[in-house]
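Participant: Here's a structure for you.
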Amino acid sequence: MTLKASDLAMVPFVSVDNMMRLVHHVGLQAFMADLAAEIALDFARWELFDKTPRIGSHSEVGVIELMPTSDGTHYGFKYVNGHPKNMKEGLQTVTAFGVLSDVDSGYPILFSEMTVLTALRTAAMSAVATKHLARPNAKTMAMIGNGAQSEFQCLAQMAVNGIDSVRLYDIDAAATEKCMANLEGSGLTLVACTSPEEAIEGADVITTATADKDMQTILTDNMVGAGVHINAIGGDCPGKTELHRDIVARSSVFVEYPPQTRIEGEIQQMDPDHPVTELWQVITGAAVGRQSNAEITLFDGVGFAIEDFSALRYVHRKIQNTPFYIDFDLIADPDDPRDLFGMVKRAG
Ligand code: NAD
């Protein structure tokens, strides 16, 4: 894309309010299906991207991270936090915003909220992994952890993979009630469960999205039967995992970017050279995904910068000629590029 100087003076800003309006304008299901397709396309050109594990600043209660990447034409980054204790204080566990830039000029071309967009893209990512790794005709999913991410996870699976039944479990029954109420009328058959064992009964796919800054054991080895596909997305930080290591040992493990997942994912519990397959290679056909109906496949999802890049580019495209953004006066634009000071002086 070639941008003129006048195009670059104002940066489109997508607020939370406008993101929600955009989602309704496109349609929630269509938005997530589009995002899944966008992510799969970008994963298929994986080798083009700059890649680095995200840069985390850890405290005792959470983490603040920067997630940059570029395909040589665009550059994107996301600021995101993860604070499991926030929910009890009436705050989001995860909040985010992001920027997309034009590599040629270095100028930002989009500034966006990404709290809602992260939930959408994380759900789309799980759906992409499930599409490539679950048994064909998977219909039932167990959703463990019924917090902010959960409804998005369920709806993306319905939109992309035809999941038609969801079994919900959370240690907090109020979270399950909220999730049930939000998904009512979605077309999904919903079952509220009172234990993780009950939730995973008959499930083809298990998605865990719990939040605790600890090495948790949401699933133990004896709970997981042959042939299931697991999306473990809540273990996404050093010292924060969801699965017993024996499940990881028994599964074929698929990851986004190994240098990041080895620090943050379920595989942080394993030897540093524990075998993993990179999901992008399954998408391009360079590596094999599921090899038998009895195999347990595990998508050890931690969230990688390319997924946010895909989401930002999608939003940038979708807001063109719509009212779903405002222009942000973010970039100083003196008439004479060398006369920045003169511009400031005249403003006085
Ligand atoms: P949230 O705080 O809104 O919800 C978490 C839910 O997990 C809560 O309802 C809580 O009661 C429940 N929970 C905690 N321990 C549990 C247990 N032992 N069994 C069952 N339920 C339990 O958080 P959220 O925004 O929904 O995020 C969920 C997790 O996903 C977080 O850990 C977050 O960091 C992670 N996340 C990952 C990605 C990714 O790309 N992989 C993206 C976004 C969020």
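Just so we're on the same page: first chain in the structure tokens is A, next is B, and so on; residues restart at 1 for each chain, and ligands are numbered from 1 in the order they show up.
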Could you list, with a cut-off of 12 Å and counting only C-alpha atoms, the residues of region 233-307 of chain A near region 137-154 of chain A, each shown with its nearest atom pair and the distance in Å rounded to one decimal, rows sorted by chain and ascending number, as a tab-separated table?
Facilitator:
residue	atom	partner	partner_atom	distance
A:Ile233	CA	A:Gln149	CA	9.8
A:Gly234	CA	A:Gly145	CA	8.7
A:Gly235	CA	A:Gly145	CA	11.9
A:Glu242	CA	A:Ile144	CA	10.4
A:Leu243	CA	A:Ile144	CA	11.7
A:Asn293	CA	A:Ala138	CA	11.2
Participant: Dump all heavy atoms for the selected residues as a short mmCIF file (atom, residue, chain, number, x, y, z; two decimals), in the first residue's frame?
Facilitator:
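File part16.cif, as written:
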data_model
loop_
_atom_site.label_atom_id
_atom_site.label_comp_id
_atom_site.auth_asym_id
_atom_site.auth_seq_id
_atom_site.Cartn_x
_atom_site.Cartn_y
_atom_site.Cartn_z
N ILE A 233 -5.48 -22.76 26.50
CA ILE A 233 -5.10 -21.37 26.19
C ILE A 233 -4.86 -20.51 27.43
O ILE A 233 -4.34 -19.42 27.34
CB ILE A 233 -6.13 -20.68 25.27
CG1 ILE A 233 -7.46 -20.47 25.98
CG2 ILE A 233 -6.33 -21.44 23.97
CD1 ILE A 233 -8.18 -19.27 25.45
N GLY A 234 -5.21 -21.04 28.61
CA GLY A 234 -5.04 -20.24 29.83
C GLY A 234 -3.62 -20.28 30.40
O GLY A 234 -3.23 -19.39 31.14
N GLY A 235 -2.85 -21.29 30.04
CA GLY A 235 -1.45 -21.35 30.48
C GLY A 235 -0.62 -20.57 29.49
O GLY A 235 -0.29 -21.07 28.42
N GLU A 242 -2.03 -25.15 33.00
CA GLU A 242 -3.37 -25.70 33.30
C GLU A 242 -3.42 -27.23 33.33
O GLU A 242 -4.33 -27.79 33.93
CB GLU A 242 -4.37 -25.23 32.24
CG GLU A 242 -4.64 -23.74 32.25
CD GLU A 242 -5.67 -23.34 31.21
OE1 GLU A 242 -5.43 -23.59 30.01
OE2 GLU A 242 -6.72 -22.80 31.59
N LEU A 243 -2.50 -27.89 32.64
CA LEU A 243 -2.60 -29.34 32.48
C LEU A 243 -1.54 -30.08 33.30
O LEU A 243 -0.41 -29.59 33.44
CB LEU A 243 -2.41 -29.73 31.00
CG LEU A 243 -3.27 -29.02 29.97
CD1 LEU A 243 -2.99 -29.59 28.58
CD2 LEU A 243 -4.75 -29.14 30.30
N ASN A 293 -7.18 -41.67 15.04
CA ASN A 293 -8.37 -41.28 15.80
C ASN A 293 -8.15 -41.42 17.30
O ASN A 293 -8.91 -40.85 18.09
CB ASN A 293 -9.57 -42.16 15.38
CG ASN A 293 -10.26 -41.54 14.18
OD1 ASN A 293 -10.06 -40.36 13.87
ND2 ASN A 293 -11.05 -42.35 13.49
#
Participant: Taking a cut-off of 8 Å and counting only C-alpha atoms and all ligand atoms, can you build a table that, for each residue of chain A near ligand 1, reports the nearest atom pair and how far apart they are in Å (one decimal), sorted by chain then residue number, as a Markdown table?
Facilitator:
| residue | atom | partner | partner_atom_place_in_ligand_line | distance |
| --- | --- | --- | --- | --- |
| A:Gly82 | CA | ligand 1 | 34 (O) | 5.1 |
| A:His83 | CA | ligand 1 | 34 (O) | 7.3 |
| A:Pro84 | CA | ligand 1 | 2 (O) | 5.5 |
| A:Lys85 | CA | ligand 1 | 2 (O) | 7.6 |
| A:Asn86 | CA | ligand 1 | 2 (O) | 7.3 |
| A:Met87 | CA | ligand 1 | 2 (O) | 5.2 |
| A:Gln92 | CA | ligand 1 | 3 (O) | 6.4 |
| A:Thr93 | CA | ligand 1 | 2 (O) | 4.9 |
| A:Val94 | CA | ligand 1 | 25 (O) | 5.2 |
| A:Thr118 | CA | ligand 1 | 43 (C) | 6.3 |
| A:Ala119 | CA | ligand 1 | 43 (C) | 6.0 |
| A:Arg121 | CA | ligand 1 | 40 (O) | 7.9 |
| A:Thr122 | CA | ligand 1 | 40 (O) | 4.9 |
| A:Met125 | CA | ligand 1 | 40 (O) | 7.9 |
| A:Ile144 | CA | ligand 1 | 20 (C) | 5.5 |
| A:Gly145 | CA | ligand 1 | 7 (O) | 3.8 |
| A:Asn146 | CA | ligand 1 | 9 (O) | 4.8 |
| A:Gly147 | CA | ligand 1 | 4 (O) | 3.2 |
| A:Ala148 | CA | ligand 1 | 26 (O) | 3.7 |
| A:Gln149 | CA | ligand 1 | 26 (O) | 3.8 |
| A:Ser150 | CA | ligand 1 | 26 (O) | 5.9 |
| A:Tyr169 | CA | ligand 1 | 20 (C) | 6.1 |
| A:Asp170 | CA | ligand 1 | 21 (N) | 3.7 |
| A:Ile171 | CA | ligand 1 | 20 (C) | 4.4 |
| A:Asp172 | CA | ligand 1 | 11 (O) | 4.8 |
| A:Ala175 | CA | ligand 1 | 9 (O) | 5.1 |
| A:Thr176 | CA | ligand 1 | 9 (O) | 7.6 |
| A:Pro196 | CA | ligand 1 | 19 (N) | 7.3 |
| A:Thr208 | CA | ligand 1 | 29 (C) | 7.8 |
| A:Ala209 | CA | ligand 1 | 28 (C) | 4.3 |
| A:Thr210 | CA | ligand 1 | 7 (O) | 3.4 |
| A:Ala211 | CA | ligand 1 | 32 (O) | 3.5 |
| A:Asp212 | CA | ligand 1 | 14 (C) | 5.9 |
| A:Lys213 | CA | ligand 1 | 32 (O) | 7.7 |
| A:Gln216 | CA | ligand 1 | 18 (N) | 6.7 |
| A:Thr217 | CA | ligand 1 | 18 (N) | 7.1 |
| A:Ile218 | CA | ligand 1 | 18 (N) | 5.1 |
| A:Ala232 | CA | ligand 1 | 41 (N) | 7.5 |
| A:Ile233 | CA | ligand 1 | 41 (N) | 4.0 |
| A:Gly234 | CA | ligand 1 | 30 (O) | 3.7 |
| A:Gly235 | CA | ligand 1 | 32 (O) | 5.9 |
| A:Asp236 | CA | ligand 1 | 41 (N) | 5.7 |
| A:Cys237 | CA | ligand 1 | 34 (O) | 7.6 |
| A:Lys240 | CA | ligand 1 | 32 (O) | 7.8 |
| A:Gly301 | CA | ligand 1 | 41 (N) | 4.7 |
| A:Val302 | CA | ligand 1 | 41 (N) | 3.6 |
| A:Gly303 | CA | ligand 1 | 40 (O) | 3.2 |
| A:Phe304 | CA | ligand 1 | 40 (O) | 6.8 |
Participant: Check region 3-161 of chain A with DSSP on the backbone and list each residue it calls helix (DSSP H, G or I), as a PyMOL selection string.
Facilitator: chain A and resi 5-8+16-26+28-44+46-48+84-89+115-133+150-161
Participant: Which residue, A:Ala124, A:Gly202, A:Asp335, A:Ser105, has the smallest gap to Glu38 (chain A) when you use only C-alpha atoms?
Facilitator: A:Ala124
Participant: Tell me, in Å to one decimal, how far CA of Leu100 (chain A) is from CA of Ser126 (chain A).
Facilitator: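 Those two atoms sit 23.0 Å apart.
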Participant: Tell me which protein, DNA and RNA residues are within 12 Å of Gln291 (chain A), counting only C-alpha atoms, leaving out same-chain ones fewer than 3 positions away, and put them as number ranges by chain.
Facilitator: A: 132-136, 227, 251-252, 282, 287-288, 294-297
Participant: For the atom pair CA of Leu41 (chain A) and CA of Leu279 (chain A), what is the interatomic distance in Å to one decimal place?
Facilitator: 12.3 Å
Participant: Using only C-alpha atoms, which protein or nucleic acid residues come within 8 Å of Phe97 (chain A)? Drop anything in the same chain fewer than 5 positions from it, and give the result as a VMD selection string.
Facilitator: chain A and resid 78 to 80 111 to 115
Participant: I'd like to know which of A:Ala127, A:Leu48, A:Leu330, A:Ala159 is closest to Asn231 (chain A), using only C-alpha atoms.
Facilitator: A:Ala127
Participant: Report, in Å with one decimal, the straight-line distance from CA of Ala156 (chain A) to CA of Gln29 (chain A).
Facilitator: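 For CA of Ala156 (chain A) relative to CA of Gln29 (chain A), the distance reads 6.7 Å.
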Participant: Would you give me, as a PyMOL selection string, the residues in region 76-109 of chain A that DSSP reads as strand (DSSP E or B)?
Facilitator: chain A and resi 76-82+96-102+108-109
Participant: Next, the residues of the selection above should be written as a short mmCIF file (atom, residue, chain, number, x, y, z; two decimals), in the first residue's frame with C-alpha atoms.
Facilitator:
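So the final result, stored in result_9.cif, reads:
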data_model
loop_
_atom_site.label_atom_id
_atom_site.label_comp_id
_atom_site.auth_asym_id
_atom_site.auth_seq_id
_atom_site.Cartn_x
_atom_site.Cartn_y
_atom_site.Cartn_z
CA GLY A 76 2.11 -4.36 14.30
CA PHE A 77 2.35 -4.57 18.04
CA LYS A 78 -0.01 -5.23 20.89
CA TYR A 79 0.20 -4.08 24.49
CA VAL A 80 -1.52 -6.66 26.67
CA ASN A 81 -1.70 -7.48 30.37
CA GLY A 82 -2.63 -10.65 32.23
CA ALA A 96 -5.08 -4.71 25.29
CA PHE A 97 -4.59 -2.12 22.59
CA GLY A 98 -2.54 -2.23 19.43
CA VAL A 99 -0.99 -0.33 16.56
CA LEU A 100 -0.53 -1.18 12.89
CA SER A 101 2.09 0.78 10.94
CA ASP A 102 3.23 1.28 7.37
CA PRO A 108 1.06 4.27 12.33
CA ILE A 109 -2.03 3.65 10.17
#
Participant: Quick one: everything within 9 Å of region 21-24 of chain A, counting only C-alpha atoms, minus sequence neighbours fewer than 4 positions away in the same chain. Send it as number ranges by chain.
Facilitator: A: 16-17, 28, 30-31, 315, 318-319, 322, 324
Participant: Given the selection you just returned, output its residues as a file containing N, CA, C and O atoms, formatted as a PDB file, in the first residue's frame.
Facilitator:
ATOM      1  N   VAL A  16     -13.364   0.987  21.936  1.00  0.00           N
ATOM      2  CA  VAL A  16     -14.097  -0.230  22.323  1.00  0.00           C
ATOM      3  C   VAL A  16     -15.521  -0.159  21.747  1.00  0.00           C
ATOM      4  O   VAL A  16     -16.028  -1.129  21.165  1.00  0.00           O
ATOM      5  N   ASP A  17     -16.118   1.020  21.881  1.00  0.00           N
ATOM      6  CA  ASP A  17     -17.478   1.200  21.389  1.00  0.00           C
ATOM      7  C   ASP A  17     -17.558   0.930  19.884  1.00  0.00           C
ATOM      8  O   ASP A  17     -18.433   0.191  19.411  1.00  0.00           O
ATOM      9  N   LEU A  28     -21.117 -11.321  14.390  1.00  0.00           N
ATOM     10  CA  LEU A  28     -20.128 -11.943  15.280  1.00  0.00           C
ATOM     11  C   LEU A  28     -19.528 -13.219  14.683  1.00  0.00           C
ATOM     12  O   LEU A  28     -18.308 -13.413  14.669  1.00  0.00           O
ATOM     13  N   ALA A  30     -19.523 -14.187  11.524  1.00  0.00           N
ATOM     14  CA  ALA A  30     -18.770 -13.898  10.292  1.00  0.00           C
ATOM     15  C   ALA A  30     -17.418 -13.275  10.638  1.00  0.00           C
ATOM     16  O   ALA A  30     -16.389 -13.598  10.029  1.00  0.00           O
ATOM     17  N   PHE A  31     -17.414 -12.421  11.659  1.00  0.00           N
ATOM     18  CA  PHE A  31     -16.185 -11.748  12.080  1.00  0.00           C
ATOM     19  C   PHE A  31     -15.155 -12.795  12.512  1.00  0.00           C
ATOM     20  O   PHE A  31     -13.987 -12.763  12.105  1.00  0.00           O
ATOM     21  N   VAL A 315      -9.096  -5.496  10.784  1.00  0.00           N
ATOM     22  CA  VAL A 315      -9.879  -4.347  11.248  1.00  0.00           C
ATOM     23  C   VAL A 315      -9.572  -3.123  10.386  1.00  0.00           C
ATOM     24  O   VAL A 315     -10.475  -2.374   9.983  1.00  0.00           O
ATOM     25  N   LYS A 318     -11.527  -3.453   7.295  1.00  0.00           N
ATOM     26  CA  LYS A 318     -12.976  -3.410   7.502  1.00  0.00           C
ATOM     27  C   LYS A 318     -13.504  -2.016   7.834  1.00  0.00           C
ATOM     28  O   LYS A 318     -14.679  -1.733   7.606  1.00  0.00           O
ATOM     29  N   ILE A 319     -12.673  -1.167   8.442  1.00  0.00           N
ATOM     30  CA  ILE A 319     -13.201   0.159   8.838  1.00  0.00           C
ATOM     31  C   ILE A 319     -13.184   1.162   7.678  1.00  0.00           C
ATOM     32  O   ILE A 319     -13.768   2.243   7.809  1.00  0.00           O
ATOM     33  N   THR A 322     -16.274   3.456   6.652  1.00  0.00           N
ATOM     34  CA  THR A 322     -17.334   3.213   7.648  1.00  0.00           C
ATOM     35  C   THR A 322     -17.245   4.309   8.717  1.00  0.00           C
ATOM     36  O   THR A 322     -16.229   5.005   8.810  1.00  0.00           O
ATOM     37  N   PHE A 324     -16.934   3.614  11.806  1.00  0.00           N
ATOM     38  CA  PHE A 324     -16.526   2.889  13.015  1.00  0.00           C
ATOM     39  C   PHE A 324     -15.116   3.248  13.504  1.00  0.00           C
ATOM     40  O   PHE A 324     -14.402   2.398  14.048  1.00  0.00           O
TER      41      PHE A 324
END
Participant: Which residue is closest to Ser70 (chain A)? Choose from A:Ser57, A:Thr52, A:Thr261, A:Gln269 and count only C-alpha atoms.
Facilitator: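 Under the stated criterion, the closest residue is A:Thr52.
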